Amino acid sequence: MDIDTTQPWGHEIDYAGRATITEAGHTIHINVTDNSLSYVIGPDPVTGTYPPVTVMAQFTESGADFTELRGWGQVTVMPVGTDPVVPDQTAIQRAVAAALADFEANTASYAALCAKWPPSTG
């Protein structure tokens, strides 16, 4: 995945922190969120620190006989001190790489599981 250096998070995201990209033949859904309980991003009233930002990448591929394999990756960007999180231009790229690696691992696990059963004779 190429990083767009003109974008704070390395890729264009909408006002709600979402994006959809195509990578390695998969349509991957991106979600960039903080874990605060409020729609206003501010420091926690108890600790005085800002919440971390989570970047998630996920996709599902469907196959024959109702099979589905998923890929999921997550990256957490932590604030430094009492400052808000600074956007990380590599976070989406790393989350996508983790989702693709998870999908490959799930594919290998599914193939190994299927190999344990003899083929159907009809």
# chains A, B, ... in the order shown; residues from 1 in each chain; ligands from 1
>>> residues_around(residues="Leu100 in chain A", least_positions_apart="2", cutoff="10 Å", atoms="only C-alpha atoms", output="ChimeraX atom specification")
/A:23-24,26,28,57-59,70-73,94-98,102-106
>>> write_last_selection(atoms="N, CA and C atoms", output="PDB file, in the first residue's frame")
ATOM      1  N   GLU A  23      -6.454  -3.630  -1.916  1.00  0.00           N
ATOM      2  CA  GLU A  23      -5.070  -4.049  -1.751  1.00  0.00           C
ATOM      3  C   GLU A  23      -4.998  -5.551  -1.945  1.00  0.00           C
ATOM      4  N   ALA A  24      -4.061  -6.012  -2.752  1.00  0.00           N
ATOM      5  CA  ALA A  24      -3.845  -7.440  -3.011  1.00  0.00           C
ATOM      6  C   ALA A  24      -5.135  -8.127  -3.454  1.00  0.00           C
ATOM      7  N   HIS A  26      -8.193  -7.434  -2.573  1.00  0.00           N
ATOM      8  CA  HIS A  26      -9.235  -7.421  -1.547  1.00  0.00           C
ATOM      9  C   HIS A  26      -9.735  -5.993  -1.338  1.00  0.00           C
ATOM     10  N   ILE A  28     -10.738  -3.624   1.368  1.00  0.00           N
ATOM     11  CA  ILE A  28     -10.477  -3.569   2.809  1.00  0.00           C
ATOM     12  C   ILE A  28     -11.110  -2.306   3.387  1.00  0.00           C
ATOM     13  N   ALA A  57      -8.351  -2.471  10.182  1.00  0.00           N
ATOM     14  CA  ALA A  57      -8.536  -2.854   8.779  1.00  0.00           C
ATOM     15  C   ALA A  57      -9.164  -4.234   8.784  1.00  0.00           C
ATOM     16  N   GLN A  58     -10.248  -4.400   8.013  1.00  0.00           N
ATOM     17  CA  GLN A  58     -10.908  -5.703   7.997  1.00  0.00           C
ATOM     18  C   GLN A  58     -11.585  -5.944   6.659  1.00  0.00           C
ATOM     19  N   PHE A  59     -11.664  -7.225   6.305  1.00  0.00           N
ATOM     20  CA  PHE A  59     -12.358  -7.616   5.078  1.00  0.00           C
ATOM     21  C   PHE A  59     -12.791  -9.064   5.198  1.00  0.00           C
ATOM     22  N   ARG A  70     -11.910 -14.296   6.844  1.00  0.00           N
ATOM     23  CA  ARG A  70     -11.759 -12.896   7.207  1.00  0.00           C
ATOM     24  C   ARG A  70     -10.298 -12.553   7.429  1.00  0.00           C
ATOM     25  N   GLY A  71     -10.020 -11.280   7.227  1.00  0.00           N
ATOM     26  CA  GLY A  71      -8.721 -10.728   7.574  1.00  0.00           C
ATOM     27  C   GLY A  71      -8.946  -9.519   8.456  1.00  0.00           C
ATOM     28  N   TRP A  72      -8.204  -9.416   9.538  1.00  0.00           N
ATOM     29  CA  TRP A  72      -8.402  -8.334  10.485  1.00  0.00           C
ATOM     30  C   TRP A  72      -7.054  -7.877  11.025  1.00  0.00           C
ATOM     31  N   GLY A  73      -6.854  -6.574  11.061  1.00  0.00           N
ATOM     32  CA  GLY A  73      -5.630  -6.018  11.622  1.00  0.00           C
ATOM     33  C   GLY A  73      -5.937  -4.761  12.407  1.00  0.00           C
ATOM     34  N   ARG A  94       0.151  -0.301   8.197  1.00  0.00           N
ATOM     35  CA  ARG A  94       0.459  -1.419   9.101  1.00  0.00           C
ATOM     36  C   ARG A  94      -0.789  -2.245   9.436  1.00  0.00           C
ATOM     37  N   ALA A  95      -1.934  -1.583   9.602  1.00  0.00           N
ATOM     38  CA  ALA A  95      -3.183  -2.304   9.879  1.00  0.00           C
ATOM     39  C   ALA A  95      -3.587  -3.160   8.677  1.00  0.00           C
ATOM     40  N   VAL A  96      -3.426  -2.621   7.470  1.00  0.00           N
ATOM     41  CA  VAL A  96      -3.741  -3.374   6.250  1.00  0.00           C
ATOM     42  C   VAL A  96      -2.803  -4.578   6.128  1.00  0.00           C
ATOM     43  N   ALA A  97      -1.524  -4.384   6.389  1.00  0.00           N
ATOM     44  CA  ALA A  97      -0.561  -5.493   6.324  1.00  0.00           C
ATOM     45  C   ALA A  97      -0.938  -6.582   7.331  1.00  0.00           C
ATOM     46  N   ALA A  98      -1.367  -6.175   8.532  1.00  0.00           N
ATOM     47  CA  ALA A  98      -1.782  -7.153   9.547  1.00  0.00           C
ATOM     48  C   ALA A  98      -3.044  -7.896   9.107  1.00  0.00           C
ATOM     49  N   ASP A 102      -3.304 -11.847   8.503  1.00  0.00           N
ATOM     50  CA  ASP A 102      -4.327 -12.620   9.207  1.00  0.00           C
ATOM     51  C   ASP A 102      -5.148 -13.444   8.222  1.00  0.00           C
ATOM     52  N   PHE A 103      -5.493 -12.852   7.079  1.00  0.00           N
ATOM     53  CA  PHE A 103      -6.248 -13.573   6.055  1.00  0.00           C
ATOM     54  C   PHE A 103      -5.447 -14.767   5.535  1.00  0.00           C
ATOM     55  N   GLU A 104      -4.175 -14.568   5.274  1.00  0.00           N
ATOM     56  CA  GLU A 104      -3.330 -15.673   4.792  1.00  0.00           C
ATOM     57  C   GLU A 104      -3.232 -16.783   5.837  1.00  0.00           C
ATOM     58  N   ALA A 105      -3.106 -16.409   7.109  1.00  0.00           N
ATOM     59  CA  ALA A 105      -3.048 -17.418   8.176  1.00  0.00           C
ATOM     60  C   ALA A 105      -4.380 -18.168   8.278  1.00  0.00           C
ATOM     61  N   ASN A 106      -5.491 -17.440   8.162  1.00  0.00           N
ATOM     62  CA  ASN A 106      -6.805 -18.089   8.205  1.00  0.00           C
ATOM     63  C   ASN A 106      -6.994 -19.019   7.012  1.00  0.00           C
TER      64      ASN A 106
END
>>> residues_around(residues="Pro84 in chain A", least_positions_apart="6", cutoff="9 Å", atoms="only C-alpha atoms", output="JSON, numbers by chain")
{"A": [41, 42, 43, 49, 50, 51, 52, 78]}
>>> write_last_selection(atoms="N, CA, C and O atoms", output="compact mmCIF listing (two decimals), in the first residue's frame")
# COMPACT_ATOMS: atom_id res chain seq x y z
N ILE A 41 -13.47 15.09 21.30
CA ILE A 41 -12.18 14.52 21.68
C ILE A 41 -11.52 15.47 22.67
O ILE A 41 -11.24 16.63 22.36
N GLY A 42 -11.30 14.97 23.86
CA GLY A 42 -10.68 15.77 24.91
C GLY A 42 -9.99 14.87 25.90
O GLY A 42 -10.14 13.65 25.86
N PRO A 43 -9.24 15.47 26.81
CA PRO A 43 -8.54 14.65 27.80
C PRO A 43 -9.51 14.00 28.78
O PRO A 43 -10.57 14.53 29.08
N THR A 49 -5.16 12.64 30.34
CA THR A 49 -4.54 12.24 29.08
C THR A 49 -5.60 12.03 28.00
O THR A 49 -6.74 11.70 28.30
N TYR A 50 -5.20 12.19 26.77
CA TYR A 50 -6.09 11.94 25.64
C TYR A 50 -6.15 10.43 25.38
O TYR A 50 -5.21 9.70 25.69
N PRO A 51 -7.26 9.97 24.77
CA PRO A 51 -7.37 8.53 24.48
C PRO A 51 -6.47 8.14 23.30
O PRO A 51 -6.17 8.98 22.44
N PRO A 52 -6.06 6.88 23.26
CA PRO A 52 -5.33 6.40 22.08
C PRO A 52 -6.27 6.34 20.88
O PRO A 52 -7.48 6.36 21.02
N MET A 78 -0.66 5.63 20.38
CA MET A 78 -0.76 6.17 21.74
C MET A 78 -0.40 7.66 21.76
O MET A 78 0.47 8.10 21.03
>>> closest_residue(among="A:Thr47, A:Thr67, A:Thr20, A:Thr27", to="Ala111 in chain A", atoms="only C-alpha atoms")
A:Thr67
>>> closest_residue(among="A:Ala99, A:Ala108, A:Gly25, A:Asn31", to="Ile13 in chain A", atoms="only C-alpha atoms")
A:Asn31
>>> atom_distance(atom1="CA of Val77 in chain A", atom2="CA of Pro45 in chain A")
20.1 Å
>>> atom_distance(atom1="CA of Thr76 in chain A", atom2="CA of Thr54 in chain A")
4.5 Å
>>> select_by_dssp(residues="chain A", states="strand (DSSP E or B)", output="number ranges by chain")
A: 18-23, 26-34, 53-62, 68-77
>>> decode(residues="range 104-115 of chain A", atoms="all heavy atoms", output="compact mmCIF listing (two decimals), in the first residue's frame")
# COMPACT_ATOMS: atom_id res chain seq x y z
N GLU A 104 -4.17 -14.57 5.27
CA GLU A 104 -3.33 -15.67 4.79
C GLU A 104 -3.23 -16.78 5.84
O GLU A 104 -3.29 -17.97 5.50
CB GLU A 104 -1.94 -15.16 4.41
CG GLU A 104 -1.93 -14.25 3.20
CD GLU A 104 -2.50 -14.91 1.95
OE1 GLU A 104 -2.24 -16.12 1.73
OE2 GLU A 104 -3.20 -14.23 1.20
N ALA A 105 -3.11 -16.41 7.11
CA ALA A 105 -3.05 -17.42 8.18
C ALA A 105 -4.38 -18.17 8.28
O ALA A 105 -4.39 -19.39 8.45
CB ALA A 105 -2.71 -16.75 9.51
N ASN A 106 -5.49 -17.44 8.16
CA ASN A 106 -6.81 -18.09 8.20
C ASN A 106 -6.99 -19.02 7.01
O ASN A 106 -7.57 -20.11 7.15
CB ASN A 106 -7.93 -17.05 8.23
CG ASN A 106 -7.99 -16.30 9.54
OD1 ASN A 106 -7.47 -16.76 10.55
ND2 ASN A 106 -8.60 -15.13 9.53
N THR A 107 -6.51 -18.61 5.85
CA THR A 107 -6.61 -19.45 4.64
C THR A 107 -5.82 -20.74 4.83
O THR A 107 -6.31 -21.83 4.51
CB THR A 107 -6.10 -18.68 3.42
OG1 THR A 107 -6.88 -17.49 3.27
CG2 THR A 107 -6.20 -19.50 2.15
N ALA A 108 -4.61 -20.61 5.36
CA ALA A 108 -3.78 -21.80 5.60
C ALA A 108 -4.43 -22.71 6.64
O ALA A 108 -4.45 -23.94 6.47
CB ALA A 108 -2.38 -21.39 6.05
N SER A 109 -4.99 -22.14 7.69
CA SER A 109 -5.65 -22.95 8.73
C SER A 109 -6.88 -23.66 8.17
O SER A 109 -7.12 -24.83 8.49
CB SER A 109 -6.07 -22.07 9.90
OG SER A 109 -4.95 -21.54 10.55
N TYR A 110 -7.64 -22.96 7.33
CA TYR A 110 -8.83 -23.56 6.74
C TYR A 110 -8.44 -24.71 5.80
O TYR A 110 -9.05 -25.77 5.81
CB TYR A 110 -9.63 -22.50 5.99
CG TYR A 110 -10.93 -23.01 5.42
CD1 TYR A 110 -12.01 -23.28 6.25
CD2 TYR A 110 -11.08 -23.22 4.05
CE1 TYR A 110 -13.21 -23.75 5.74
CE2 TYR A 110 -12.27 -23.69 3.54
CZ TYR A 110 -13.33 -23.95 4.39
OH TYR A 110 -14.51 -24.42 3.87
N ALA A 111 -7.38 -24.50 5.02
CA ALA A 111 -6.92 -25.55 4.11
C ALA A 111 -6.45 -26.77 4.90
O ALA A 111 -6.74 -27.91 4.52
CB ALA A 111 -5.81 -25.02 3.22
N ALA A 112 -5.74 -26.54 6.00
CA ALA A 112 -5.27 -27.66 6.83
C ALA A 112 -6.45 -28.41 7.46
O ALA A 112 -6.46 -29.64 7.53
CB ALA A 112 -4.33 -27.15 7.91
N LEU A 113 -7.46 -27.66 7.88
CA LEU A 113 -8.65 -28.29 8.44
C LEU A 113 -9.38 -29.13 7.41
O LEU A 113 -9.79 -30.26 7.67
CB LEU A 113 -9.58 -27.22 9.02
CG LEU A 113 -10.88 -27.70 9.65
CD1 LEU A 113 -10.59 -28.57 10.87
CD2 LEU A 113 -11.75 -26.53 10.02
N CYS A 114 -9.54 -28.58 6.22
CA CYS A 114 -10.24 -29.29 5.14
C CYS A 114 -9.47 -30.56 4.73
O CYS A 114 -10.09 -31.56 4.34
CB CYS A 114 -10.43 -28.40 3.93
SG CYS A 114 -11.65 -27.11 4.21
N ALA A 115 -8.15 -30.53 4.81
CA ALA A 115 -7.33 -31.69 4.43
C ALA A 115 -7.51 -32.86 5.39
O ALA A 115 -7.17 -33.99 5.05
CB ALA A 115 -5.87 -31.28 4.37
